[in-house]
Amino acid sequence: MINKTFIAATDFFGMILRSCYLDFKLRSLQDLRLVFYHGIGDGNSPSMRYLSDEISESLFIRHLDYLQEHYTILSIEEAVLKIKEPIREKPICSISFDDGLRSVFLKAYPHLKRKKIPFTIFINSPVVNNKKILWTHLLSYFIFHYTEKPIKEYCSIEANVDIFEWFRSNFSIVQREKIIGKLAQKFKENPKVIAQNEGLYLENGDMEKMLDFATFYSHTNNHVPLGCLSTEQIIKEIEHNLPKNFISFPFGMKTDYGLNAHQIALSNGHQYVVEVGNGINDPSEVKAKSLLSRVSLGSCKFSNMYSAIELRPLLKHKLQKLKPKMENFRFKAL
Ligand SMILES: [Zn+2]
């Protein structure tokens, strides 16, 4: 409720500032803005229907136009290198996509290539080539085909509880996989066949074709909130063959991954942890903390771009400084 009010109030205030041409006066040009998406589409496929993870292609193009007008868009590698350079004419922004979805190749890449915009995709290696399906997408698929009722009954989840939130906050990786497996048995479904049929994720050939503008880093292996795992399990989750310059944690908020996971990633050779946070990347803090904060634009209306990228990050940053408990402010980001 507080979240919704905060978002509505900042969207409204942002529109007023924009109409008075006061919008970009409020920020430091040196601060880096990292924005991210998941997939591109209508959000109606069984695996995406209950996740709010897709933005329409037409709105995505408008987002790109806005970002190009107001920012210098750089790759995440270049953005981090240039963060300490003298004040620029336009602030720097970098675009990334989580979950390694194929719709990025099919519907985002053509526009990014045409506009010569570099970008990053954070992938879960085991699902590349649709060899597996992530539990979030499988759960959406089950709800789509069998409704929430039998799942909630099977797991003894109360009717008013958000099913994804329940899975996200209640279970370790082993228990969650076990329950998802049992649900598959109950519905007589084979997750591997669903993965192949849904074709949600990138294939090797797609990734090769995008190398002219894209870089690939890890989003961990099984997409579970790392905060509920043991040190050994976290190490296993972040093991992969991708470059270790950046790693994006699933769900991406400190409350989901915990400080322990951040430290473990750094001591296992990862250079920067990418989170979903207040969105402020102060040059003096980025390198010291090896932490980059992103804002989600996946469900952002065009009219609210300024408040999502600038106004809310600024206010959240100020509020968190005033009251450390604001770290626990939840902004949905899968
Ligand atoms: Zn994710």
# chains A, B, ... in the order shown; residues from 1 in each chain; ligands from 1
$ residues_near_ligand --ligand "ligand 1" --cutoff "9 Å" --atoms "only C-alpha atoms and all ligand atoms" --output "list in words"
His38, Phe97, Asp98, Asp99, Gly100, Phe122, Ile123, Asn124, Thr136, His219, Thr220, His223, Val224, Ser248, Phe249, Pro250, Phe251, Gly252, Ala333 and Leu334 of chain A
$ write_last_selection --atoms "C-alpha atoms" --output "PDB file, in the first residue's frame"
ATOM      1  CA  HIS A  38      12.762  -8.873 -18.727  1.00  0.00           C
ATOM      2  CA  PHE A  97      17.628  -7.637 -19.543  1.00  0.00           C
ATOM      3  CA  ASP A  98      17.206 -10.389 -16.935  1.00  0.00           C
ATOM      4  CA  ASP A  99      16.268 -14.067 -17.337  1.00  0.00           C
ATOM      5  CA  GLY A 100      17.742 -14.600 -20.852  1.00  0.00           C
ATOM      6  CA  PHE A 122      21.855 -11.628 -17.581  1.00  0.00           C
ATOM      7  CA  ILE A 123      21.179 -15.304 -18.195  1.00  0.00           C
ATOM      8  CA  ASN A 124      20.521 -18.411 -16.131  1.00  0.00           C
ATOM      9  CA  THR A 136       8.768 -18.789 -11.737  1.00  0.00           C
ATOM     10  CA  HIS A 219      21.746 -14.245 -13.363  1.00  0.00           C
ATOM     11  CA  THR A 220      22.674 -17.354 -11.283  1.00  0.00           C
ATOM     12  CA  HIS A 223      16.808 -18.107 -10.094  1.00  0.00           C
ATOM     13  CA  VAL A 224      16.152 -18.432  -6.375  1.00  0.00           C
ATOM     14  CA  SER A 248      22.737  -9.911 -11.420  1.00  0.00           C
ATOM     15  CA  PHE A 249      21.020 -11.544  -8.457  1.00  0.00           C
ATOM     16  CA  PRO A 250      17.499 -12.962  -8.926  1.00  0.00           C
ATOM     17  CA  PHE A 251      14.774 -10.642  -7.604  1.00  0.00           C
ATOM     18  CA  GLY A 252      17.702  -8.321  -7.054  1.00  0.00           C
ATOM     19  CA  ALA A 333      11.118  -6.771  -9.445  1.00  0.00           C
ATOM     20  CA  LEU A 334      11.481 -10.356 -10.563  1.00  0.00           C
TER      21      LEU A 334
END
$ select_by_dssp --residues "range 75-194 of chain A" --states "strand (DSSP E)" --output "PyMOL selection string"
chain A and resi 92-98+119-123
$ write_last_selection --atoms "N, CA and C atoms" --output "CSV table (one decimal), in the first residue's frame"
chain,number,residue,atom,x,y,z
A,92,ILE,N,24.7,9.3,-18.1
A,92,ILE,CA,24.9,8.0,-18.7
A,92,ILE,C,23.8,7.0,-18.2
A,93,CYS,N,23.4,6.2,-19.2
A,93,CYS,CA,22.4,5.2,-18.9
A,93,CYS,C,22.9,3.9,-19.5
A,94,SER,N,22.6,2.8,-18.9
A,94,SER,CA,22.9,1.5,-19.5
A,94,SER,C,21.7,0.6,-19.4
A,95,ILE,N,21.5,-0.3,-20.4
A,95,ILE,CA,20.3,-1.1,-20.5
A,95,ILE,C,20.6,-2.6,-20.3
A,96,SER,N,19.8,-3.3,-19.5
A,96,SER,CA,20.1,-4.7,-19.4
A,96,SER,C,18.7,-5.5,-19.3
A,97,PHE,N,18.8,-6.8,-19.6
A,97,PHE,CA,17.6,-7.6,-19.5
A,97,PHE,C,17.9,-8.8,-18.7
A,98,ASP,N,17.0,-9.2,-17.8
A,98,ASP,CA,17.2,-10.4,-16.9
A,98,ASP,C,16.5,-11.6,-17.5
A,119,PHE,N,23.8,-3.4,-25.1
A,119,PHE,CA,23.0,-3.8,-24.0
A,119,PHE,C,23.6,-5.1,-23.4
A,120,THR,N,23.1,-5.5,-22.2
A,120,THR,CA,23.6,-6.6,-21.5
A,120,THR,C,22.4,-7.6,-21.2
A,121,ILE,N,22.7,-8.9,-21.3
A,121,ILE,CA,21.6,-9.8,-20.9
A,121,ILE,C,22.2,-10.7,-19.8
A,122,PHE,N,21.5,-10.8,-18.7
A,122,PHE,CA,21.9,-11.6,-17.6
A,122,PHE,C,21.1,-12.9,-17.7
A,123,ILE,N,21.8,-14.0,-17.9
A,123,ILE,CA,21.2,-15.3,-18.2
A,123,ILE,C,21.4,-16.3,-17.1
$ closest_atom_pairs --of "range 125-210 of chain A" --to "range 42-66 of chain A" --cutoff "7 Å" --atoms "only C-alpha atoms" --output "CSV"
residue,atom,partner,partner_atom,distance
A:His137,CA,A:Ser47,CA,4.6
A:Leu138,CA,A:Ser47,CA,6.2
A:Ser140,CA,A:Ser47,CA,5.0
A:Tyr141,CA,A:Ser47,CA,4.5
A:Phe144,CA,A:Pro46,CA,5.4
$ write_last_selection --atoms "N, CA and C atoms" --output "PDB file, in the first residue's frame"
ATOM      1  N   HIS A 137       8.520 -19.295 -14.103  1.00  0.00           N
ATOM      2  CA  HIS A 137       7.769 -19.471 -15.353  1.00  0.00           C
ATOM      3  C   HIS A 137       6.906 -20.734 -15.307  1.00  0.00           C
ATOM      4  N   LEU A 138       7.426 -21.775 -14.640  1.00  0.00           N
ATOM      5  CA  LEU A 138       6.657 -23.020 -14.528  1.00  0.00           C
ATOM      6  C   LEU A 138       5.411 -22.808 -13.657  1.00  0.00           C
ATOM      7  N   SER A 140       3.809 -19.986 -13.252  1.00  0.00           N
ATOM      8  CA  SER A 140       2.858 -19.219 -14.053  1.00  0.00           C
ATOM      9  C   SER A 140       2.123 -20.159 -15.026  1.00  0.00           C
ATOM     10  N   TYR A 141       2.875 -21.084 -15.629  1.00  0.00           N
ATOM     11  CA  TYR A 141       2.301 -22.050 -16.578  1.00  0.00           C
ATOM     12  C   TYR A 141       1.240 -22.911 -15.881  1.00  0.00           C
ATOM     13  N   PHE A 144      -1.849 -20.849 -15.123  1.00  0.00           N
ATOM     14  CA  PHE A 144      -2.569 -20.594 -16.381  1.00  0.00           C
ATOM     15  C   PHE A 144      -3.448 -21.792 -16.760  1.00  0.00           C
TER      16      PHE A 144
END
$ residues_around --residues "range 110-116 of chain A" --least-positions-apart "6" --cutoff "9 Å" --atoms "only C-alpha atoms" --output "list in words"
Ile61, Leu64, Gln68, Val104, Met210, Asp212 and Phe213 of chain A
$ write_last_selection --atoms "N, CA and C atoms" --output "compact mmCIF listing (two decimals), in the first residue's frame"
# COMPACT_ATOMS: atom_id res chain seq x y z
N ILE A 61 9.93 0.55 -27.81
CA ILE A 61 10.55 1.46 -28.80
C ILE A 61 10.46 2.90 -28.30
N LEU A 64 13.07 3.46 -25.75
CA LEU A 64 14.40 3.65 -26.34
C LEU A 64 14.57 5.07 -26.87
N GLN A 68 17.38 7.61 -25.53
CA GLN A 68 18.37 8.21 -26.43
C GLN A 68 18.33 9.74 -26.39
N VAL A 104 13.80 -11.14 -26.23
CA VAL A 104 14.78 -10.03 -26.33
C VAL A 104 15.48 -10.11 -27.69
N MET A 210 23.76 -11.87 -31.50
CA MET A 210 23.65 -10.58 -30.81
C MET A 210 24.99 -10.03 -30.31
N ASP A 212 27.27 -8.52 -31.61
CA ASP A 212 27.71 -7.20 -32.09
C ASP A 212 27.28 -6.07 -31.14
N PHE A 213 26.19 -6.29 -30.37
CA PHE A 213 25.75 -5.24 -29.45
C PHE A 213 25.55 -5.71 -28.01
$ select_by_dssp --residues "range 79-208 of chain A" --states "helix (DSSP H, G or I)" --output "ChimeraX atom specification"
/A:79-82,102-114,125-130,135-146,148-155,163-170,173-186,191-198,204-208
$ write_last_selection --atoms "C-alpha atoms" --output "PDB file, in the first residue's frame"
ATOM      1  CA  ALA A  79      29.437   3.031 -18.216  1.00  0.00           C
ATOM      2  CA  VAL A  80      31.324   1.801 -15.161  1.00  0.00           C
ATOM      3  CA  LEU A  81      34.651   2.915 -16.636  1.00  0.00           C
ATOM      4  CA  LYS A  82      33.332   6.400 -17.423  1.00  0.00           C
ATOM      5  CA  ARG A 102      14.193 -15.222 -26.353  1.00  0.00           C
ATOM      6  CA  SER A 103      11.795 -12.336 -26.910  1.00  0.00           C
ATOM      7  CA  VAL A 104      14.780 -10.034 -26.330  1.00  0.00           C
ATOM      8  CA  PHE A 105      16.442 -11.510 -29.407  1.00  0.00           C
ATOM      9  CA  LEU A 106      13.261 -11.520 -31.473  1.00  0.00           C
ATOM     10  CA  LYS A 107      11.690  -8.196 -30.481  1.00  0.00           C
ATOM     11  CA  ALA A 108      14.238  -5.977 -28.699  1.00  0.00           C
ATOM     12  CA  TYR A 109      17.501  -6.739 -30.473  1.00  0.00           C
ATOM     13  CA  PRO A 110      16.337  -5.566 -33.948  1.00  0.00           C
ATOM     14  CA  HIS A 111      15.511  -2.117 -32.504  1.00  0.00           C
ATOM     15  CA  LEU A 112      18.645  -1.929 -30.359  1.00  0.00           C
ATOM     16  CA  LYS A 113      20.774  -2.850 -33.369  1.00  0.00           C
ATOM     17  CA  ARG A 114      19.029  -0.329 -35.621  1.00  0.00           C
ATOM     18  CA  SER A 125      22.904 -20.794 -17.918  1.00  0.00           C
ATOM     19  CA  PRO A 126      20.928 -24.052 -17.317  1.00  0.00           C
ATOM     20  CA  VAL A 127      17.903 -22.746 -19.247  1.00  0.00           C
ATOM     21  CA  VAL A 128      19.780 -21.664 -22.400  1.00  0.00           C
ATOM     22  CA  ASN A 129      18.482 -23.675 -25.387  1.00  0.00           C
ATOM     23  CA  ASN A 130      15.294 -24.362 -23.385  1.00  0.00           C
ATOM     24  CA  TRP A 135      10.397 -22.219 -11.394  1.00  0.00           C
ATOM     25  CA  THR A 136       8.768 -18.789 -11.737  1.00  0.00           C
ATOM     26  CA  HIS A 137       7.769 -19.471 -15.353  1.00  0.00           C
ATOM     27  CA  LEU A 138       6.657 -23.020 -14.528  1.00  0.00           C
ATOM     28  CA  LEU A 139       4.463 -21.757 -11.713  1.00  0.00           C
ATOM     29  CA  SER A 140       2.858 -19.219 -14.053  1.00  0.00           C
ATOM     30  CA  TYR A 141       2.301 -22.050 -16.578  1.00  0.00           C
ATOM     31  CA  PHE A 142       0.591 -24.212 -13.931  1.00  0.00           C
ATOM     32  CA  ILE A 143      -1.644 -21.354 -12.766  1.00  0.00           C
ATOM     33  CA  PHE A 144      -2.569 -20.594 -16.381  1.00  0.00           C
ATOM     34  CA  HIS A 145      -3.616 -24.176 -17.107  1.00  0.00           C
ATOM     35  CA  TYR A 146      -4.887 -25.392 -13.731  1.00  0.00           C
ATOM     36  CA  GLU A 148      -4.325 -21.163  -8.394  1.00  0.00           C
ATOM     37  CA  LYS A 149      -6.810 -23.171  -6.360  1.00  0.00           C
ATOM     38  CA  PRO A 150      -5.307 -26.699  -6.612  1.00  0.00           C
ATOM     39  CA  ILE A 151      -1.783 -25.293  -6.127  1.00  0.00           C
ATOM     40  CA  LYS A 152      -2.784 -23.373  -3.018  1.00  0.00           C
ATOM     41  CA  GLU A 153      -4.663 -26.363  -1.663  1.00  0.00           C
ATOM     42  CA  TYR A 154      -1.725 -28.684  -2.327  1.00  0.00           C
ATOM     43  CA  CYS A 155       0.744 -26.310  -0.639  1.00  0.00           C
ATOM     44  CA  ILE A 163       1.511 -17.457  -4.548  1.00  0.00           C
ATOM     45  CA  PHE A 164       4.815 -16.200  -5.998  1.00  0.00           C
ATOM     46  CA  GLU A 165       5.641 -14.293  -2.834  1.00  0.00           C
ATOM     47  CA  TRP A 166       4.938 -17.442  -0.811  1.00  0.00           C
ATOM     48  CA  PHE A 167       7.293 -19.554  -2.922  1.00  0.00           C
ATOM     49  CA  ARG A 168       9.857 -16.780  -2.959  1.00  0.00           C
ATOM     50  CA  SER A 169       9.994 -16.233   0.788  1.00  0.00           C
ATOM     51  CA  ASN A 170       9.220 -19.635   2.290  1.00  0.00           C
ATOM     52  CA  ILE A 173      16.045 -24.256  -3.242  1.00  0.00           C
ATOM     53  CA  VAL A 174      15.721 -27.979  -2.450  1.00  0.00           C
ATOM     54  CA  GLN A 175      12.247 -27.735  -0.935  1.00  0.00           C
ATOM     55  CA  ARG A 176      11.003 -25.441  -3.689  1.00  0.00           C
ATOM     56  CA  GLU A 177      12.247 -27.725  -6.468  1.00  0.00           C
ATOM     57  CA  LYS A 178      10.679 -30.689  -4.687  1.00  0.00           C
ATOM     58  CA  ILE A 179       7.275 -29.039  -4.440  1.00  0.00           C
ATOM     59  CA  ILE A 180       7.368 -27.806  -8.027  1.00  0.00           C
ATOM     60  CA  GLY A 181       8.299 -31.355  -9.085  1.00  0.00           C
ATOM     61  CA  LYS A 182       5.392 -32.804  -7.136  1.00  0.00           C
ATOM     62  CA  LEU A 183       3.000 -30.266  -8.659  1.00  0.00           C
ATOM     63  CA  ALA A 184       4.240 -31.353 -12.105  1.00  0.00           C
ATOM     64  CA  GLN A 185       3.476 -34.975 -11.173  1.00  0.00           C
ATOM     65  CA  LYS A 186       0.043 -34.010  -9.862  1.00  0.00           C
ATOM     66  CA  PRO A 191       8.809 -29.562 -17.069  1.00  0.00           C
ATOM     67  CA  LYS A 192      11.425 -30.431 -19.711  1.00  0.00           C
ATOM     68  CA  VAL A 193       8.735 -30.877 -22.364  1.00  0.00           C
ATOM     69  CA  ILE A 194       7.086 -27.607 -21.257  1.00  0.00           C
ATOM     70  CA  ALA A 195      10.463 -25.841 -21.581  1.00  0.00           C
ATOM     71  CA  GLN A 196      10.898 -27.117 -25.146  1.00  0.00           C
ATOM     72  CA  ASN A 197       7.315 -26.324 -26.145  1.00  0.00           C
ATOM     73  CA  GLU A 198       7.257 -22.840 -24.609  1.00  0.00           C
ATOM     74  CA  ASN A 204      23.150 -20.419 -28.534  1.00  0.00           C
ATOM     75  CA  GLY A 205      22.627 -19.195 -32.111  1.00  0.00           C
ATOM     76  CA  ASP A 206      20.599 -16.189 -30.882  1.00  0.00           C
ATOM     77  CA  MET A 207      23.358 -15.224 -28.480  1.00  0.00           C
ATOM     78  CA  GLU A 208      26.027 -15.488 -31.186  1.00  0.00           C
TER      79      GLU A 208
END
$ closest_residue --among "A:Ser284, A:Gln320, A:Ser299, A:Thr215" --to "Pro118 in chain A" --atoms "only C-alpha atoms"
A:Thr215
$ residues_around --residues "Ser296 in chain A" --least-positions-apart "5" --cutoff "9 Å" --atoms "only C-alpha atoms" --output "compact mmCIF listing (two decimals) with C-alpha atoms, in the first residue's frame"
# COMPACT_ATOMS: atom_id res chain seq x y z
CA LEU A 34 21.04 1.45 -15.00
CA VAL A 35 17.65 0.36 -16.28
CA PHE A 36 16.43 -3.15 -16.91
CA TYR A 37 13.69 -5.21 -18.49
CA HIS A 38 12.76 -8.87 -18.73
CA VAL A 276 17.49 -3.75 -7.86
CA ALA A 308 10.83 5.95 -12.57
CA ILE A 309 14.40 6.73 -13.62
CA LYS A 332 8.39 -5.64 -7.10
CA ALA A 333 11.12 -6.77 -9.45
$ closest_residue --among "A:Gln271, A:Phe302, A:Gly277, A:Glu237" --to "Ser290 in chain A" --atoms "only C-alpha atoms"
A:Gln271
$ atom_distance --atom1 "CA of Asn281 in chain A" --atom2 "CA of Gln30 in chain A"
8.9 Å
$ closest_residue --among "A:Thr147, A:Leu322, A:Gly269, A:Asn304" --to "Ile7 in chain A" --atoms "only C-alpha atoms"
A:Asn304
$ residues_around --residues "Lys254 in chain A" --least-positions-apart "2" --cutoff "10 Å" --atoms "only C-alpha atoms" --output "list of chain:residue names"
A:Pro225, A:Leu226, A:Gly227, A:Phe249, A:Phe251, A:Gly252, A:Asp256, A:Tyr257, A:Gly258, A:Leu259, A:Asn260, A:Ala261, A:His262, A:Glu275, A:Val276, A:Gly277, A:Glu327, A:Asn328, A:Arg330
$ write_last_selection --atoms "N, CA and C atoms" --output "mmCIF file, in the first residue's frame"
data_model
loop_
_atom_site.group_PDB
_atom_site.id
_atom_site.type_symbol
_atom_site.label_atom_id
_atom_site.label_comp_id
_atom_site.auth_asym_id
_atom_site.auth_seq_id
_atom_site.Cartn_x
_atom_site.Cartn_y
_atom_site.Cartn_z
ATOM 1 N N PRO A 225 15.911 -16.740 -4.613
ATOM 2 C CA PRO A 225 16.447 -15.669 -3.759
ATOM 3 C C PRO A 225 17.612 -16.204 -2.933
ATOM 4 N N LEU A 226 18.786 -15.629 -3.140
ATOM 5 C CA LEU A 226 19.997 -16.197 -2.517
ATOM 6 C C LEU A 226 19.993 -16.063 -0.998
ATOM 7 N N GLY A 227 19.195 -15.113 -0.510
ATOM 8 C CA GLY A 227 19.152 -14.887 0.939
ATOM 9 C C GLY A 227 18.684 -16.093 1.732
ATOM 10 N N PHE A 249 21.666 -10.586 -9.352
ATOM 11 C CA PHE A 249 21.020 -11.544 -8.457
ATOM 12 C C PHE A 249 19.519 -11.621 -8.737
ATOM 13 N N PHE A 251 15.646 -11.523 -8.394
ATOM 14 C CA PHE A 251 14.774 -10.642 -7.604
ATOM 15 C C PHE A 251 15.520 -9.378 -7.207
ATOM 16 N N GLY A 252 16.819 -9.481 -7.050
ATOM 17 C CA GLY A 252 17.702 -8.321 -7.054
ATOM 18 C C GLY A 252 17.671 -7.353 -5.910
ATOM 19 N N ASP A 256 16.184 -9.874 -0.665
ATOM 20 C CA ASP A 256 16.112 -11.192 -1.291
ATOM 21 C C ASP A 256 17.458 -11.904 -1.329
ATOM 22 N N TYR A 257 18.530 -11.140 -1.557
ATOM 23 C CA TYR A 257 19.810 -11.843 -1.688
ATOM 24 C C TYR A 257 20.679 -11.768 -0.439
ATOM 25 N N GLY A 258 20.509 -10.753 0.374
ATOM 26 C CA GLY A 258 21.262 -10.667 1.627
ATOM 27 C C GLY A 258 22.711 -10.250 1.424
ATOM 28 N N LEU A 259 23.293 -9.666 2.440
ATOM 29 C CA LEU A 259 24.678 -9.176 2.349
ATOM 30 C C LEU A 259 25.661 -10.314 2.168
ATOM 31 N N ASN A 260 25.334 -11.463 2.723
ATOM 32 C CA ASN A 260 26.205 -12.623 2.625
ATOM 33 C C ASN A 260 26.491 -12.981 1.159
ATOM 34 N N ALA A 261 25.435 -13.001 0.341
ATOM 35 C CA ALA A 261 25.593 -13.360 -1.072
ATOM 36 C C ALA A 261 26.480 -12.349 -1.795
ATOM 37 N N HIS A 262 26.348 -11.080 -1.463
ATOM 38 C CA HIS A 262 27.181 -10.040 -2.063
ATOM 39 C C HIS A 262 28.663 -10.329 -1.781
ATOM 40 N N GLU A 275 22.155 -5.092 -8.453
ATOM 41 C CA GLU A 275 20.940 -5.305 -7.657
ATOM 42 C C GLU A 275 19.781 -4.450 -8.185
ATOM 43 N N VAL A 276 18.611 -4.658 -7.609
ATOM 44 C CA VAL A 276 17.489 -3.752 -7.859
ATOM 45 C C VAL A 276 17.352 -2.949 -6.579
ATOM 46 N N GLY A 277 17.739 -1.685 -6.646
ATOM 47 C CA GLY A 277 17.755 -0.908 -5.414
ATOM 48 C C GLY A 277 17.167 0.453 -5.621
ATOM 49 N N GLU A 327 15.569 0.372 3.431
ATOM 50 C CA GLU A 327 16.165 -0.679 2.609
ATOM 51 C C GLU A 327 15.136 -1.783 2.366
ATOM 52 N N ASN A 328 14.231 -1.921 3.335
ATOM 53 C CA ASN A 328 13.262 -3.007 3.228
ATOM 54 C C ASN A 328 12.027 -2.636 2.421
ATOM 55 N N ARG A 330 9.793 -2.580 -0.373
ATOM 56 C CA ARG A 330 9.750 -3.554 -1.440
ATOM 57 C C ARG A 330 9.184 -2.950 -2.726
#
$ closest_residue --among "A:Gly199, A:Pro243, A:Pro283, A:Gly41" --to "Leu29 in chain A" --atoms "only C-alpha atoms"
A:Pro283
$ closest_residue --among "A:Leu297, A:Leu292, A:Ile238, A:Met253" --to "His270 in chain A" --atoms "only C-alpha atoms"
A:Ile238
